[in-house]
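Novice: Have a look at the structure that comes next, please.
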Amino acid sequence: MEKRKERIDRGIKARSEDIFALSSYREMLYLLVPRAIPVVGLLFLAPFLSPYWREIFISTSVYALLAISWDLLISAGLVSLGQSLFYGIGSYVAGSLNHYYSLPPILTIPIATVAGGIICTIVLLPVLRLRGIYFAMVTLVVPLMFSRLVEATRILGGTEGLTGLTPFPSPWVSLYVIEIAVLVTLFGFRRLMGSDWGLIVKGINDNDRSVMSAGLNIHWYKAQVVFLGASVGCFAGAFGTHLDMFAGMPGFALDYSIMPIAAAVVGGAGSFAGPLLGAFILVPLSEILRSLGALRIVFYGMFLVIFVVGLPEGIFRFLQRKYHQFERWVEVS
Amino acid sequence: MGRSELKKEGESLLRVEDLSKSFGGVLAVDGVSFELPSGQLLGIIGPNGSGKTTLVNLITGFIKPDRGRVIYSGNDITGWPPYKIVTLGIARTFQMVKPFYQLPAYKNLIIPLCSPRVKAMAGGKYGERDAVALDLLEEVGFERDSYVSYKVASSLPQGYLKRLELAKAIALRPDLIILDELFSGLSLAEVASIVPIIEKLRFQGKTMIMIEHRLKELFRIADRVMVLNYGQKIAEGSAKEVMESEEVKNAYLGSEE
Ligand SMILES: Nc1ncnc2c1ncn2[C@@H]1O[C@H](COP(=O)(O)OP(=O)(O)OP(=O)(O)O)[C@@H](O)[C@H]1O
Ligand SMILES: [Mg+2]
């Protein structure tokens with residue numbers, strides 16, 4: 001007797017697709033619970049952590065922002081291997097404003113977010129025409145170029161970097177600044193991708209010539225995507241700079257490029273929640289594995305492979321499916 | 001070169017002058033010139049590889065010409081990017097259909113409906129886009145209220161994809177529609193069901209260019225036919241004139257045995 005797995009949408013999902021169809025508390029809860037998880041997790045979990053884990057929680061959130069930014073770029077078909085460009089530029093803009101002009105973090109971070117976004121967009125503008133691997137190669141090289149530039153010209157503190165920057169007034173301030181930023185970005189980007197703008201961006205990924213023939217300027221849309229993604233990355237960099245009280249070449253380090261991609265792949269690209277989830281699995285995991293010393297990378301790599309092979313759709317999609325559908329085995333005659 | 005000067009040279013909606021493009025050593029389009037008066041349907045035929053699609057790409061801005069000019073409604077649009085050309089009112093379909101495979105059929109039309117041209121023409125009142133999209137699908141032969149309109153494009157059969165391709169062009173409310181082998185890959189019955197749609201578009205006053213290999217169907221609806229061979233225009237005129245030309249007979253016999 002052969003059996004086959006059947007997946008069935010829960011009735012509530014179909015009915016609650018349209019918000020006006022909500023008719024009971026049960027359906028309301030059904031929609032609300034998944035959205036409440038990140039809010040509760042990010043805002044109310046942290047107070048229960050030890051100071052050590054709270055720090056890791058914060059740096060995880062920084063990676064999560066970079067991963068969400070990566071996910072936005074990929075939704076337009078732009079493969080970024082250089083999230084560290086965004087982190088580094090944000091970090092240096094905020095760092096120099098603080099170091100040379102004594103601006104406080106409450107100004108440097110917003111300025112670095114916007115100005116950094118503009119700088120990164122201008123830097124990447126000439127290569128927006130490139131597709132796939134060509135764009136990816138450039139994003140990989142550009143942050144390396146920036147860090148060598150700083151080293152060679154000794155500008156912005158050279159290899160020493162800019163030290164003694166203004167810290168956040170308290171760990172709680174830094175915690176809530178970054179968590180609120182993650183939530184705003186997560187829900188903001190999800191909303192955006194659900195709009196016409198998002199549809200056009202997905203269309204560019206699907207078939208750019210078709211978008212061109214629909215009378216839309218794809219380069220303009222790609223530039224907007226890069227600006228938004230870069231701004232979020234620059235925010236992360238500016239935040240990290242004040243957290244570490246330091247801006248320097250490590251801001252362009254490969255870590256800031258690789259970890260977001262790994263997080264997005266493990267969590268599942270295309271949803272923003274996936275990369276967030278991925279970051280919150282991978283960064284703490286890498287921290288736990290620290291005690292293993294040299295073997296850390298081996299175990300870490302194994303975990304990555306297991307995730308990617310076992311759940312190619314990503315953890316988020318897997319959980320989403322489990323939530324919205326039930327499965328049963330049916331006999332195939 | 002003033003706009004007004006270009007305009008008074010005739011009533012042509014589209015004028016192509018000495019357009020040329022080569023790929024490496026291949027002269028894909030070689031000094032093609034023609035004029036298309038407003039409201040006419042021009043058929044373009046020619047053997048495989050004779051440069052028909054390249055000509056469309058040159059007119060619609062997807063490829064920049066090596067030489068020559070494209071003048072549309074008094075504007076020299078040579079070398080303009082595709083989105084600007086669309087904004088002036090030229091829409092095209094692709095020979096190899098290019099739907100948004102991941103989107104449901106009707107959502108495919110939302111993207112052209114978001115274009116600046118449509119927004120400008122529709123004015124402020126533009127809430128019911130899904131309804132507009134469904135109407136457009138019905139116009140090109142999707143059954144009203146059938147589930148097909150809601151299926152992802154990747155699961156649609158070729159016949160529907162071709163209709164969708166046409167709908168995406170119509171959605172732009174163009175004045176000139178260029179159809180690149182819309183009929184290819186369709187059954188006789190499917191072609192017969194699309195012909196009235198095209199006739200209706202003409203009735204609405206659209207100017208059209210149709211590239212076709214299906215000569216019989218084309219000749220029935222075209223006002224004029226132009227023949228390309230090795231990138232060159234070898235004949236132009238009524239369907240009858242063109243098919244009687246020795247050169248055309250040779251070109252077709254030469255390539256299609
Ligand atoms: N992007 C390109 N790069 C190189 N050569 C090209 C390119 N596009 C077209 N060609 C060449 O230009 C010539 C004309 O091609 P084109 O596609 O315009 O022909 P066609 O008349 O549309 O043919 P078909 O009836 O098969 O669609 C062919 O020899 C083709 O190989
Ligand atoms: Mg062709």
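Residue numbering restarts at 1 in every chain; chains get A, B, ... in the order shown in the structure tokens, and ligands count up from 1 in that same order.
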Out of stretch 90-173 of chain A, which residues get helix (DSSP H, G or I) from DSSP, as a PyMOL selection string?
Specialist: chain A and resi 90-101+105-127+132-153+155-160+171-173
Novice: If you run DSSP over the backbone, which residues in stretch 160-322 of chain A end up strand (DSSP E)? Put them as a list of chain:residue names.
Specialist: A:Leu162, A:Thr163, A:Phe246, A:Ala247
Novice: What do you get as a PDB file with N, CA, C and O atoms, in the first residue's frame if you pick all residues at most 6 Å from ligand 1, counting only C-alpha atoms and all ligand atoms?
Specialist:
```
ATOM      1  N   PHE B  23      25.863  42.488 -35.419  1.00  0.00           N
ATOM      2  CA  PHE B  23      26.389  41.758 -34.255  1.00  0.00           C
ATOM      3  C   PHE B  23      27.655  41.072 -34.714  1.00  0.00           C
ATOM      4  O   PHE B  23      27.588  40.134 -35.502  1.00  0.00           O
ATOM      5  N   ALA B  28      22.605  42.255 -38.899  1.00  0.00           N
ATOM      6  CA  ALA B  28      21.274  41.752 -38.549  1.00  0.00           C
ATOM      7  C   ALA B  28      20.189  42.614 -39.187  1.00  0.00           C
ATOM      8  O   ALA B  28      19.181  42.112 -39.672  1.00  0.00           O
ATOM      9  N   PRO B  47      12.414  35.230 -43.752  1.00  0.00           N
ATOM     10  CA  PRO B  47      12.900  33.937 -43.261  1.00  0.00           C
ATOM     11  C   PRO B  47      13.509  34.054 -41.871  1.00  0.00           C
ATOM     12  O   PRO B  47      13.766  35.157 -41.397  1.00  0.00           O
ATOM     13  N   ASN B  48      13.768  32.921 -41.238  1.00  0.00           N
ATOM     14  CA  ASN B  48      14.405  32.915 -39.915  1.00  0.00           C
ATOM     15  C   ASN B  48      15.731  33.656 -39.960  1.00  0.00           C
ATOM     16  O   ASN B  48      16.499  33.500 -40.908  1.00  0.00           O
ATOM     17  N   GLY B  49      15.966  34.457 -38.962  1.00  0.00           N
ATOM     18  CA  GLY B  49      17.246  35.161 -38.874  1.00  0.00           C
ATOM     19  C   GLY B  49      17.364  36.332 -39.816  1.00  0.00           C
ATOM     20  O   GLY B  49      18.446  36.855 -40.050  1.00  0.00           O
ATOM     21  N   SER B  50      16.240  36.798 -40.367  1.00  0.00           N
ATOM     22  CA  SER B  50      16.334  37.886 -41.335  1.00  0.00           C
ATOM     23  C   SER B  50      16.359  39.251 -40.666  1.00  0.00           C
ATOM     24  O   SER B  50      16.437  40.271 -41.334  1.00  0.00           O
ATOM     25  N   GLY B  51      16.244  39.281 -39.330  1.00  0.00           N
ATOM     26  CA  GLY B  51      16.418  40.555 -38.631  1.00  0.00           C
ATOM     27  C   GLY B  51      15.134  41.188 -38.134  1.00  0.00           C
ATOM     28  O   GLY B  51      15.140  42.350 -37.715  1.00  0.00           O
ATOM     29  N   LYS B  52      14.044  40.443 -38.141  1.00  0.00           N
ATOM     30  CA  LYS B  52      12.756  41.017 -37.740  1.00  0.00           C
ATOM     31  C   LYS B  52      12.748  41.412 -36.260  1.00  0.00           C
ATOM     32  O   LYS B  52      12.378  42.529 -35.903  1.00  0.00           O
ATOM     33  N   THR B  53      13.176  40.463 -35.422  1.00  0.00           N
ATOM     34  CA  THR B  53      13.178  40.761 -33.987  1.00  0.00           C
ATOM     35  C   THR B  53      14.170  41.872 -33.670  1.00  0.00           C
ATOM     36  O   THR B  53      13.894  42.748 -32.849  1.00  0.00           O
ATOM     37  N   THR B  54      15.304  41.850 -34.350  1.00  0.00           N
ATOM     38  CA  THR B  54      16.293  42.907 -34.120  1.00  0.00           C
ATOM     39  C   THR B  54      15.704  44.267 -34.479  1.00  0.00           C
ATOM     40  O   THR B  54      15.911  45.246 -33.765  1.00  0.00           O
TER      41      THR B  54
END
```
Novice: Could you list, as a list in words, the residues of chain A having an atom within 9 Å of chain B when counting only C-alpha atoms?
Specialist: Asp196, Trp197, Leu199, Ile200, Lys202, Gly203, Ile204, Asp206, Asn207, Arg209, Ser210, Val211, Met212, Ser213, Ala214, Gly215, Leu216, Asn217 and Ile218 of chain A
Novice: Would you list the contacts of stretch 54-66 of chain A as a CSV table (one decimal) with N, CA and C atoms, in the first residue's frame, taking every protein, DNA or RNA residue within 6 Å and counting only C-alpha atoms, but skipping same-chain residues closer than 5 positions in sequence?
Specialist:
```csv
chain,number,residue,atom,x,y,z
A,49,LEU,N,18.1,38.2,30.0
A,49,LEU,CA,19.4,37.6,29.7
A,49,LEU,C,20.5,38.2,30.6
A,233,GLY,N,22.1,48.8,6.2
A,233,GLY,CA,23.4,48.3,6.6
A,233,GLY,C,24.2,49.4,7.2
A,236,ALA,N,23.3,49.9,10.8
A,236,ALA,CA,24.0,48.8,11.6
A,236,ALA,C,25.4,49.2,11.9
A,260,PRO,N,25.7,37.5,7.2
A,260,PRO,CA,24.3,37.8,6.7
A,260,PRO,C,23.8,36.9,5.7
A,276,LEU,N,16.3,37.1,9.7
A,276,LEU,CA,16.3,37.5,11.1
A,276,LEU,C,16.4,36.2,11.9
A,279,ALA,N,19.8,34.7,11.6
A,279,ALA,CA,20.9,35.4,12.4
A,279,ALA,C,20.8,35.0,13.9
A,283,VAL,N,24.4,33.3,14.9
A,283,VAL,CA,25.3,34.1,15.7
A,283,VAL,C,25.5,33.5,17.1
```
Novice: What is the atom CA of A:Gly267-atom CA of A:Leu282 distance in Å, reported with one decimal?
Specialist: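 Atom CA of A:Gly267 sits 9.5 Å away from atom CA of A:Leu282.
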Novice: Using only C-alpha atoms and all ligand atoms, pick whichever of B:Ile198, B:Ala131, B:Leu164, B:Leu179 has the shortest atom-to-atom distance to ligand 2.
Specialist: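 Using only C-alpha atoms and all ligand atoms, ligand 2 sits closest to B:Leu179.
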Novice: From the options B:Ile211, B:Val242, B:Leu36, B:Ala251, which residue's atoms come nearest to ligand 2, counting only C-alpha atoms and all ligand atoms?
Specialist: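 Nearest candidate to ligand 2 out of B:Ile211, B:Val242, B:Leu36, B:Ala251: B:Ile211.
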Novice: A:Phe86: which residues within 8 Å, counting only C-alpha atoms, same-chain residues fewer than 2 positions away excluded, as JSON, numbers by chain?
Specialist: {"A": [82, 83, 84, 88, 89, 90, 116, 117, 120, 230, 231, 233, 234, 237]}
Novice: Output C-alpha atoms of each residue in that selection to a file, as a PDB file, in the first residue's frame.
Specialist:
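The resulting out_37.pdb:
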```
ATOM      1  CA  GLY A  82      29.704  42.885   0.269  1.00  0.00           C
ATOM      2  CA  GLN A  83      27.354  43.786   3.092  1.00  0.00           C
ATOM      3  CA  SER A  84      30.499  44.917   4.872  1.00  0.00           C
ATOM      4  CA  GLY A  88      31.997  49.981   6.983  1.00  0.00           C
ATOM      5  CA  ILE A  89      30.682  53.156   5.341  1.00  0.00           C
ATOM      6  CA  GLY A  90      28.051  53.620   8.052  1.00  0.00           C
ATOM      7  CA  GLY A 116      25.924  56.356   4.006  1.00  0.00           C
ATOM      8  CA  GLY A 117      23.028  55.001   1.971  1.00  0.00           C
ATOM      9  CA  CYS A 120      26.956  53.347  -1.180  1.00  0.00           C
ATOM     10  CA  ALA A 230      22.531  50.211   2.084  1.00  0.00           C
ATOM     11  CA  SER A 231      20.859  52.586   4.537  1.00  0.00           C
ATOM     12  CA  GLY A 233      23.416  48.341   6.585  1.00  0.00           C
ATOM     13  CA  CYS A 234      24.864  51.784   7.304  1.00  0.00           C
ATOM     14  CA  GLY A 237      27.520  50.135  11.029  1.00  0.00           C
TER      15      GLY A 237
END
```
Novice: What separation in Å, quoted to one decimal, exists between atom CA of B:Gln204 and atom CA of B:Ala189?
Specialist: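 Pair atom CA of B:Gln204 / atom CA of B:Ala189 returns 24.0 Å.
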Novice: Please report the interatomic distance between atom CA of B:Leu137 and atom CA of B:Tyr106 in Å with one decimal.
Specialist: 7.1 Å
Novice: Of the candidates A:Phe239, A:Ser96, A:Thr163, A:Arg129, which one gets nearest to A:Trp220 if we count only C-alpha atoms?
Specialist: A:Arg129
Novice: I want to know what sits within 12 Å of B:Pro196, based on only C-alpha atoms, with residues of the same chain fewer than 4 positions away left out; could you give that as a list of chain:residue names?
Specialist: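 So the residues in contact are B:Glu139, B:Val140, B:Gly141, B:Glu190, B:Val191, B:Ala192, B:Lys200, B:Leu201, B:Arg202, B:Phe203, B:Glu217, B:Arg220, B:Ile221.
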Novice: Write out as an MDAnalysis selection string the residues lying within 10 Å of B:Gln232, counting only C-alpha atoms and excluding same-chain residues fewer than 4 positions away.
Specialist: chainID B and resid 19:20 27:33 46 50:52 227:228
Novice: Write the selection just made, keeping N, CA and C atoms, as a short mmCIF file (atom, residue, chain, number, x, y, z; two decimals), in the first residue's frame?
Specialist:
```
data_model
loop_
_atom_site.label_atom_id
_atom_site.label_comp_id
_atom_site.auth_asym_id
_atom_site.auth_seq_id
_atom_site.Cartn_x
_atom_site.Cartn_y
_atom_site.Cartn_z
N LEU B 19 17.96 52.29 -40.80
CA LEU B 19 18.33 51.67 -39.53
C LEU B 19 19.26 50.47 -39.77
N SER B 20 20.36 50.42 -39.02
CA SER B 20 21.33 49.34 -39.20
C SER B 20 21.88 48.87 -37.87
N LEU B 27 25.38 41.32 -40.22
CA LEU B 27 24.52 42.49 -40.37
C LEU B 27 23.08 42.05 -40.13
N ALA B 28 22.61 42.26 -38.90
CA ALA B 28 21.27 41.75 -38.55
C ALA B 28 20.19 42.61 -39.19
N VAL B 29 20.39 43.92 -39.15
CA VAL B 29 19.48 44.85 -39.82
C VAL B 29 20.34 45.79 -40.65
N ASP B 30 19.99 45.92 -41.93
CA ASP B 30 20.91 46.58 -42.86
C ASP B 30 20.17 47.66 -43.64
N GLY B 31 20.25 48.88 -43.15
CA GLY B 31 19.69 50.02 -43.88
C GLY B 31 18.20 49.95 -44.14
N VAL B 32 17.44 49.59 -43.14
CA VAL B 32 15.98 49.48 -43.34
C VAL B 32 15.31 50.83 -43.14
N SER B 33 14.46 51.22 -44.08
CA SER B 33 13.66 52.43 -43.93
C SER B 33 12.21 52.09 -44.23
N GLY B 46 9.63 37.45 -43.25
CA GLY B 46 11.00 37.18 -43.68
C GLY B 46 11.44 35.87 -43.09
N SER B 50 16.24 36.80 -40.37
CA SER B 50 16.33 37.89 -41.34
C SER B 50 16.36 39.25 -40.67
N GLY B 51 16.24 39.28 -39.33
CA GLY B 51 16.42 40.55 -38.63
C GLY B 51 15.13 41.19 -38.13
N LYS B 52 14.04 40.44 -38.14
CA LYS B 52 12.76 41.02 -37.74
C LYS B 52 12.75 41.41 -36.26
N VAL B 227 8.94 42.87 -46.44
CA VAL B 227 9.69 41.62 -46.38
C VAL B 227 11.16 41.91 -46.10
N LEU B 228 11.71 41.21 -45.12
CA LEU B 228 13.13 41.34 -44.80
C LEU B 228 13.85 40.07 -45.22
#
```
Novice: Counting only C-alpha atoms, which of B:Leu161, B:Leu166, B:Leu13, B:Ile45 gets nearest to B:Asn75?
Specialist: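 Counting only C-alpha atoms, the residue closest to B:Asn75 is B:Leu13.
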Novice: Nearest to A:Leu254: which of A:Leu81, A:Val305, A:Leu103, A:Ala269 is it, counting only C-alpha atoms?
Specialist: A:Leu81
